[in-house]
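Have a look at the structure below, then the notes.
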Amino acid sequence: MVNSDQRRRQLAREKFERQQRRRAEARKAKRRNVIIASTLAVVVAAGVGAYATGLTDGAKKKDDKAAEAAAPPSPSASESTTPEPKMAIDASAKYTMLLKTDQGDIPVAMDAKKTPHTVNSFKSLADKGFFDKTKCHRLTTQGIHVLQCGDPKGDGTGGPGYTIEDENLQSLGKAAADGLVTYKAGTVAMANTGQPHTGGSQFFLVYKDSKLPPAYTPFGTMDDEGLKAVETVAKAGVEGGGGDGPPKTAVTVEKATVDKV
């Protein structure tokens, strides 16, 4: 026969166990979706800080590592000091961004109707020469497959001083049970800080289908020529080995332009 004290202890224990399970699930979800600021982290950056896509603690368990590999790149949060550029594009038109790099041209088709803020920002920055002579500072070859560019500092910590809102996420479709969607090879998407609406200037070029949280604005598509150029860089691997870091074949954006089609 269970007395009242024993019953209270049992209920308290069950409540504690439920709380622990919820907390563990919340931590796992947070690790999956967050993008840690670090030049050695795993992927894509986007605006006003260091954008990364994975954790670097070697003591993490295998399931943590899998979640880290699935996470995309993002910059560390920092205060915006400059207003977003005023809308100056034709939001009903299509645009082409041409990245002229020392490893080949990378044309990117952009749809202003679906991503007006993103296209407007890139047009404004390109017209000012913001991307000229910048390096693509991170290549990821494990877990996800991306080349990250758009940082004027070349180390994952730079941006334009403002952030833009997320756009076109619905085009990625419904996330699977693991919370991830497929960013297809050829996709060009924004990096962010891991928080909504924190994109800046950093972006990533997907050279092989990659599973990521549906949190990174897909704003463009490389043509076959551009995708081949990025694939060639990826085949050379990461500087010093490993699956994430500066590309062994250095990539410099000599000139970037955004023009209405």
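Identifiers for the structure tokens are assigned positionally: chains receive A, B, ... in sequence, residues are indexed from 1 per chain, and ligands are indexed from 1 in the order shown.
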Inset, instruction - Determine, counting only C-alpha atoms, which protein, DNA and RNA residues have an atom within 8 Å of an atom of Asp127 (chain A); residues of the same chain fewer than 4 positions away are not included. Present the result as number ranges by chain. - result: A: 123, 257-258
From region 111-216 of chain A, collect each residue whose DSSP state is strand (DSSP E or B) and return the set as a PDB file with N, CA, C and O atoms, in the first residue's frame.
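So states10.pdb came out as:
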ATOM      1  N   ASP A 111      15.445  36.488 -58.181  1.00  0.00           N
ATOM      2  CA  ASP A 111      14.046  36.842 -58.422  1.00  0.00           C
ATOM      3  C   ASP A 111      13.626  37.883 -57.398  1.00  0.00           C
ATOM      4  O   ASP A 111      13.391  37.572 -56.225  1.00  0.00           O
ATOM      5  N   THR A 134      37.009  40.855 -52.251  1.00  0.00           N
ATOM      6  CA  THR A 134      36.745  40.124 -51.009  1.00  0.00           C
ATOM      7  C   THR A 134      36.989  38.636 -51.224  1.00  0.00           C
ATOM      8  O   THR A 134      36.873  38.132 -52.344  1.00  0.00           O
ATOM      9  N   LYS A 135      37.313  37.941 -50.146  1.00  0.00           N
ATOM     10  CA  LYS A 135      37.602  36.518 -50.226  1.00  0.00           C
ATOM     11  C   LYS A 135      36.382  35.679 -49.828  1.00  0.00           C
ATOM     12  O   LYS A 135      35.598  36.094 -48.995  1.00  0.00           O
ATOM     13  N   ARG A 138      35.243  30.640 -46.272  1.00  0.00           N
ATOM     14  CA  ARG A 138      34.984  29.340 -45.652  1.00  0.00           C
ATOM     15  C   ARG A 138      34.448  28.342 -46.662  1.00  0.00           C
ATOM     16  O   ARG A 138      33.541  28.644 -47.428  1.00  0.00           O
ATOM     17  N   LEU A 139      35.006  27.151 -46.590  1.00  0.00           N
ATOM     18  CA  LEU A 139      34.531  26.022 -47.383  1.00  0.00           C
ATOM     19  C   LEU A 139      34.165  24.905 -46.423  1.00  0.00           C
ATOM     20  O   LEU A 139      34.920  24.600 -45.495  1.00  0.00           O
ATOM     21  N   THR A 140      33.004  24.300 -46.621  1.00  0.00           N
ATOM     22  CA  THR A 140      32.587  23.164 -45.800  1.00  0.00           C
ATOM     23  C   THR A 140      32.361  21.963 -46.709  1.00  0.00           C
ATOM     24  O   THR A 140      31.619  22.046 -47.683  1.00  0.00           O
ATOM     25  N   VAL A 146      29.107  23.750 -48.811  1.00  0.00           N
ATOM     26  CA  VAL A 146      28.918  25.142 -49.198  1.00  0.00           C
ATOM     27  C   VAL A 146      30.240  25.897 -49.235  1.00  0.00           C
ATOM     28  O   VAL A 146      31.199  25.536 -48.549  1.00  0.00           O
ATOM     29  N   LEU A 147      30.259  26.943 -50.031  1.00  0.00           N
ATOM     30  CA  LEU A 147      31.357  27.911 -50.047  1.00  0.00           C
ATOM     31  C   LEU A 147      30.762  29.231 -49.598  1.00  0.00           C
ATOM     32  O   LEU A 147      29.759  29.688 -50.144  1.00  0.00           O
ATOM     33  N   GLN A 148      31.353  29.829 -48.581  1.00  0.00           N
ATOM     34  CA  GLN A 148      30.813  31.052 -47.980  1.00  0.00           C
ATOM     35  C   GLN A 148      31.601  32.292 -48.389  1.00  0.00           C
ATOM     36  O   GLN A 148      32.821  32.295 -48.341  1.00  0.00           O
ATOM     37  N   CYS A 149      30.885  33.311 -48.791  1.00  0.00           N
ATOM     38  CA  CYS A 149      31.503  34.537 -49.288  1.00  0.00           C
ATOM     39  C   CYS A 149      30.762  35.759 -48.723  1.00  0.00           C
ATOM     40  O   CYS A 149      29.843  35.627 -47.930  1.00  0.00           O
ATOM     41  N   ILE A 164      18.835  42.512 -42.822  1.00  0.00           N
ATOM     42  CA  ILE A 164      17.635  42.482 -43.666  1.00  0.00           C
ATOM     43  C   ILE A 164      16.751  41.314 -43.237  1.00  0.00           C
ATOM     44  O   ILE A 164      17.217  40.368 -42.604  1.00  0.00           O
ATOM     45  N   VAL A 181      15.585  20.770 -44.146  1.00  0.00           N
ATOM     46  CA  VAL A 181      15.135  20.721 -45.527  1.00  0.00           C
ATOM     47  C   VAL A 181      16.366  20.600 -46.417  1.00  0.00           C
ATOM     48  O   VAL A 181      17.487  20.763 -45.955  1.00  0.00           O
ATOM     49  N   THR A 182      16.144  20.328 -47.689  1.00  0.00           N
ATOM     50  CA  THR A 182      17.269  20.203 -48.618  1.00  0.00           C
ATOM     51  C   THR A 182      17.478  21.506 -49.378  1.00  0.00           C
ATOM     52  O   THR A 182      16.580  21.999 -50.058  1.00  0.00           O
ATOM     53  N   TYR A 183      18.668  22.075 -49.226  1.00  0.00           N
ATOM     54  CA  TYR A 183      19.104  23.186 -50.068  1.00  0.00           C
ATOM     55  C   TYR A 183      19.821  22.533 -51.249  1.00  0.00           C
ATOM     56  O   TYR A 183      20.893  21.938 -51.087  1.00  0.00           O
ATOM     57  N   THR A 187      21.985  26.351 -55.251  1.00  0.00           N
ATOM     58  CA  THR A 187      21.291  27.381 -54.467  1.00  0.00           C
ATOM     59  C   THR A 187      22.280  28.382 -53.882  1.00  0.00           C
ATOM     60  O   THR A 187      23.376  28.020 -53.453  1.00  0.00           O
ATOM     61  N   VAL A 188      21.874  29.638 -53.865  1.00  0.00           N
ATOM     62  CA  VAL A 188      22.640  30.688 -53.191  1.00  0.00           C
ATOM     63  C   VAL A 188      21.736  31.249 -52.099  1.00  0.00           C
ATOM     64  O   VAL A 188      20.599  31.649 -52.373  1.00  0.00           O
ATOM     65  N   ALA A 189      22.215  31.252 -50.868  1.00  0.00           N
ATOM     66  CA  ALA A 189      21.367  31.643 -49.740  1.00  0.00           C
ATOM     67  C   ALA A 189      22.120  32.533 -48.764  1.00  0.00           C
ATOM     68  O   ALA A 189      23.350  32.566 -48.734  1.00  0.00           O
ATOM     69  N   MET A 190      21.334  33.247 -47.965  1.00  0.00           N
ATOM     70  CA  MET A 190      21.901  34.155 -46.971  1.00  0.00           C
ATOM     71  C   MET A 190      22.348  33.400 -45.727  1.00  0.00           C
ATOM     72  O   MET A 190      21.714  32.446 -45.291  1.00  0.00           O
ATOM     73  N   GLY A 199      20.163  38.620 -41.599  1.00  0.00           N
ATOM     74  CA  GLY A 199      21.064  38.536 -42.736  1.00  0.00           C
ATOM     75  C   GLY A 199      21.770  39.861 -42.967  1.00  0.00           C
ATOM     76  O   GLY A 199      21.246  40.919 -42.622  1.00  0.00           O
ATOM     77  N   PHE A 203      26.928  35.256 -47.624  1.00  0.00           N
ATOM     78  CA  PHE A 203      26.045  34.314 -48.292  1.00  0.00           C
ATOM     79  C   PHE A 203      26.818  33.035 -48.576  1.00  0.00           C
ATOM     80  O   PHE A 203      28.046  32.997 -48.482  1.00  0.00           O
ATOM     81  N   PHE A 204      26.074  31.966 -48.895  1.00  0.00           N
ATOM     82  CA  PHE A 204      26.766  30.718 -49.195  1.00  0.00           C
ATOM     83  C   PHE A 204      26.269  30.118 -50.500  1.00  0.00           C
ATOM     84  O   PHE A 204      25.102  30.242 -50.855  1.00  0.00           O
ATOM     85  N   LEU A 205      27.198  29.469 -51.181  1.00  0.00           N
ATOM     86  CA  LEU A 205      26.963  28.826 -52.472  1.00  0.00           C
ATOM     87  C   LEU A 205      26.936  27.317 -52.237  1.00  0.00           C
ATOM     88  O   LEU A 205      27.930  26.732 -51.804  1.00  0.00           O
ATOM     89  N   VAL A 206      25.789  26.706 -52.487  1.00  0.00           N
ATOM     90  CA  VAL A 206      25.633  25.269 -52.256  1.00  0.00           C
ATOM     91  C   VAL A 206      26.099  24.513 -53.500  1.00  0.00           C
ATOM     92  O   VAL A 206      25.523  24.660 -54.573  1.00  0.00           O
ATOM     93  N   SER A 210      22.385  19.817 -49.639  1.00  0.00           N
ATOM     94  CA  SER A 210      22.748  19.910 -48.223  1.00  0.00           C
ATOM     95  C   SER A 210      21.501  20.052 -47.358  1.00  0.00           C
ATOM     96  O   SER A 210      20.590  20.819 -47.687  1.00  0.00           O
ATOM     97  N   LYS A 211      21.479  19.327 -46.247  1.00  0.00           N
ATOM     98  CA  LYS A 211      20.373  19.392 -45.301  1.00  0.00           C
ATOM     99  C   LYS A 211      20.650  20.494 -44.282  1.00  0.00           C
ATOM    100  O   LYS A 211      21.663  20.469 -43.586  1.00  0.00           O
ATOM    101  N   LEU A 212      19.711  21.429 -44.167  1.00  0.00           N
ATOM    102  CA  LEU A 212      19.850  22.564 -43.267  1.00  0.00           C
ATOM    103  C   LEU A 212      18.491  22.928 -42.689  1.00  0.00           C
ATOM    104  O   LEU A 212      17.453  22.601 -43.258  1.00  0.00           O
TER     105      LEU A 212
END
Inset, instruction - Write out as number ranges by chain the residues lying within 9 Å of His117 (chain A), counting only C-alpha atoms and excluding same-chain residues fewer than 2 positions away. - result: A: 84-85, 87, 91, 112, 115, 119-122, 164-167
Inset, instruction - Record the distance separating CA of Tyr95 (chain A) and CA of Val108 (chain A), expressed in Å with one decimal. - result: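 CA of Tyr95 (chain A) sits 8.5 Å away from CA of Val108 (chain A).
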Legend entry - Exercise: Ala126 (chain A) partners within 12 Å, only C-alpha atoms, chain neighbours under 2 positions left out, as a ChimeraX atom specification: /A:96-100,119-124,128-134,150,160,201,253-259
Inset, instruction - Tell me which of A:Val261, A:Thr249, A:Gly243, A:Arg7 sits closest to Gln142 (chain A), counting only C-alpha atoms. - result: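 When distances to Gln142 (chain A) are compared using only C-alpha atoms, the smallest one comes from A:Gly243.
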Legend entry - Of the listed residues A:Gly173, A:Pro213, A:Gly194, A:Gly200, that which approaches Leu125 (chain A) most closely, counting only C-alpha atoms: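 That would be A:Gly200, the residue with the smallest distance to Leu125 (chain A).
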Inset, instruction - Calculate how many Å separate CA of Ala191 (chain A) from CA of Pro214 (chain A), rounding to one decimal. - result: 11.5 Å
Inset, instruction - Counting only C-alpha atoms, figure out which residue out of A:Ala229, A:Ile144, A:Met222, A:Ala176 gets nearest to Met110 (chain A). - result: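 With only C-alpha atoms as the atom set, the closest residue is A:Met222.
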Legend entry - Selected residue of minimal separation from Val233 (chain A) among A:Thr141, A:Gln195, A:Thr221, A:Gln202, counting only C-alpha atoms: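 Distance minimum relative to Val233 (chain A) lands on A:Thr141.
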Inset, instruction - Go ahead and compute the interatomic distance for CA of Ala88 (chain A) and CA of His197 (chain A), in Å to one decimal. - result: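 According to the coordinates, CA of Ala88 (chain A) and CA of His197 (chain A) are separated by 20.0 Å.
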All helix (DSSP H, G or I) residues (DSSP, backbone) inside region 41-250 of chain A, as a PDB file with C-alpha atoms, in the first residue's frame:
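New file out-v8.pdb:
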ATOM      1  CA  LYS A  62      27.854  11.622 -31.978  1.00  0.00           C
ATOM      2  CA  ASP A  63      24.272  12.841 -32.171  1.00  0.00           C
ATOM      3  CA  ASP A  64      25.426  16.362 -31.314  1.00  0.00           C
ATOM      4  CA  LYS A  65      28.009  16.193 -34.092  1.00  0.00           C
ATOM      5  CA  ALA A  66      25.356  15.134 -36.569  1.00  0.00           C
ATOM      6  CA  ALA A  67      23.228  18.096 -35.572  1.00  0.00           C
ATOM      7  CA  GLU A  68      26.194  20.409 -35.848  1.00  0.00           C
ATOM      8  CA  ALA A  69      27.020  19.192 -39.332  1.00  0.00           C
ATOM      9  CA  ALA A  70      23.454  19.887 -40.342  1.00  0.00           C
ATOM     10  CA  PRO A 116      12.958  42.074 -52.830  1.00  0.00           C
ATOM     11  CA  HIS A 117      14.875  43.119 -49.698  1.00  0.00           C
ATOM     12  CA  THR A 118      17.721  40.731 -50.397  1.00  0.00           C
ATOM     13  CA  VAL A 119      18.065  41.684 -54.068  1.00  0.00           C
ATOM     14  CA  ASN A 120      17.803  45.377 -53.234  1.00  0.00           C
ATOM     15  CA  SER A 121      20.546  45.044 -50.613  1.00  0.00           C
ATOM     16  CA  PHE A 122      22.875  43.144 -52.943  1.00  0.00           C
ATOM     17  CA  LYS A 123      22.256  45.643 -55.736  1.00  0.00           C
ATOM     18  CA  SER A 124      23.046  48.545 -53.419  1.00  0.00           C
ATOM     19  CA  LEU A 125      26.208  46.911 -52.056  1.00  0.00           C
ATOM     20  CA  ALA A 126      27.451  45.767 -55.468  1.00  0.00           C
ATOM     21  CA  ASP A 127      26.961  49.238 -56.958  1.00  0.00           C
ATOM     22  CA  LEU A 169      11.648  30.472 -46.806  1.00  0.00           C
ATOM     23  CA  GLN A 170       8.332  28.896 -47.781  1.00  0.00           C
ATOM     24  CA  SER A 171       9.874  27.843 -51.106  1.00  0.00           C
ATOM     25  CA  LEU A 172      12.033  25.351 -49.199  1.00  0.00           C
ATOM     26  CA  ASP A 224      26.042  25.372 -64.636  1.00  0.00           C
ATOM     27  CA  GLU A 225      29.200  27.401 -65.249  1.00  0.00           C
ATOM     28  CA  GLY A 226      29.157  28.899 -61.769  1.00  0.00           C
ATOM     29  CA  LEU A 227      28.335  25.604 -60.057  1.00  0.00           C
ATOM     30  CA  LYS A 228      31.218  23.905 -61.849  1.00  0.00           C
ATOM     31  CA  ALA A 229      33.615  26.625 -60.669  1.00  0.00           C
ATOM     32  CA  VAL A 230      32.553  26.124 -57.047  1.00  0.00           C
ATOM     33  CA  GLU A 231      32.733  22.329 -57.375  1.00  0.00           C
ATOM     34  CA  THR A 232      36.316  22.638 -58.602  1.00  0.00           C
ATOM     35  CA  VAL A 233      37.245  24.717 -55.556  1.00  0.00           C
ATOM     36  CA  ALA A 234      35.531  22.193 -53.278  1.00  0.00           C
ATOM     37  CA  LYS A 235      37.421  19.246 -54.790  1.00  0.00           C
ATOM     38  CA  ALA A 236      40.710  20.811 -53.710  1.00  0.00           C
TER      39      ALA A 236
END
Inset, instruction - Determine the nearest neighbour of Lys94 (chain A) from the options A:Gly156, A:Asp209, A:Phe219, A:Lys248, counting only C-alpha atoms. - result: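 Answer, going by the shortest atom-to-atom distance: A:Phe219.
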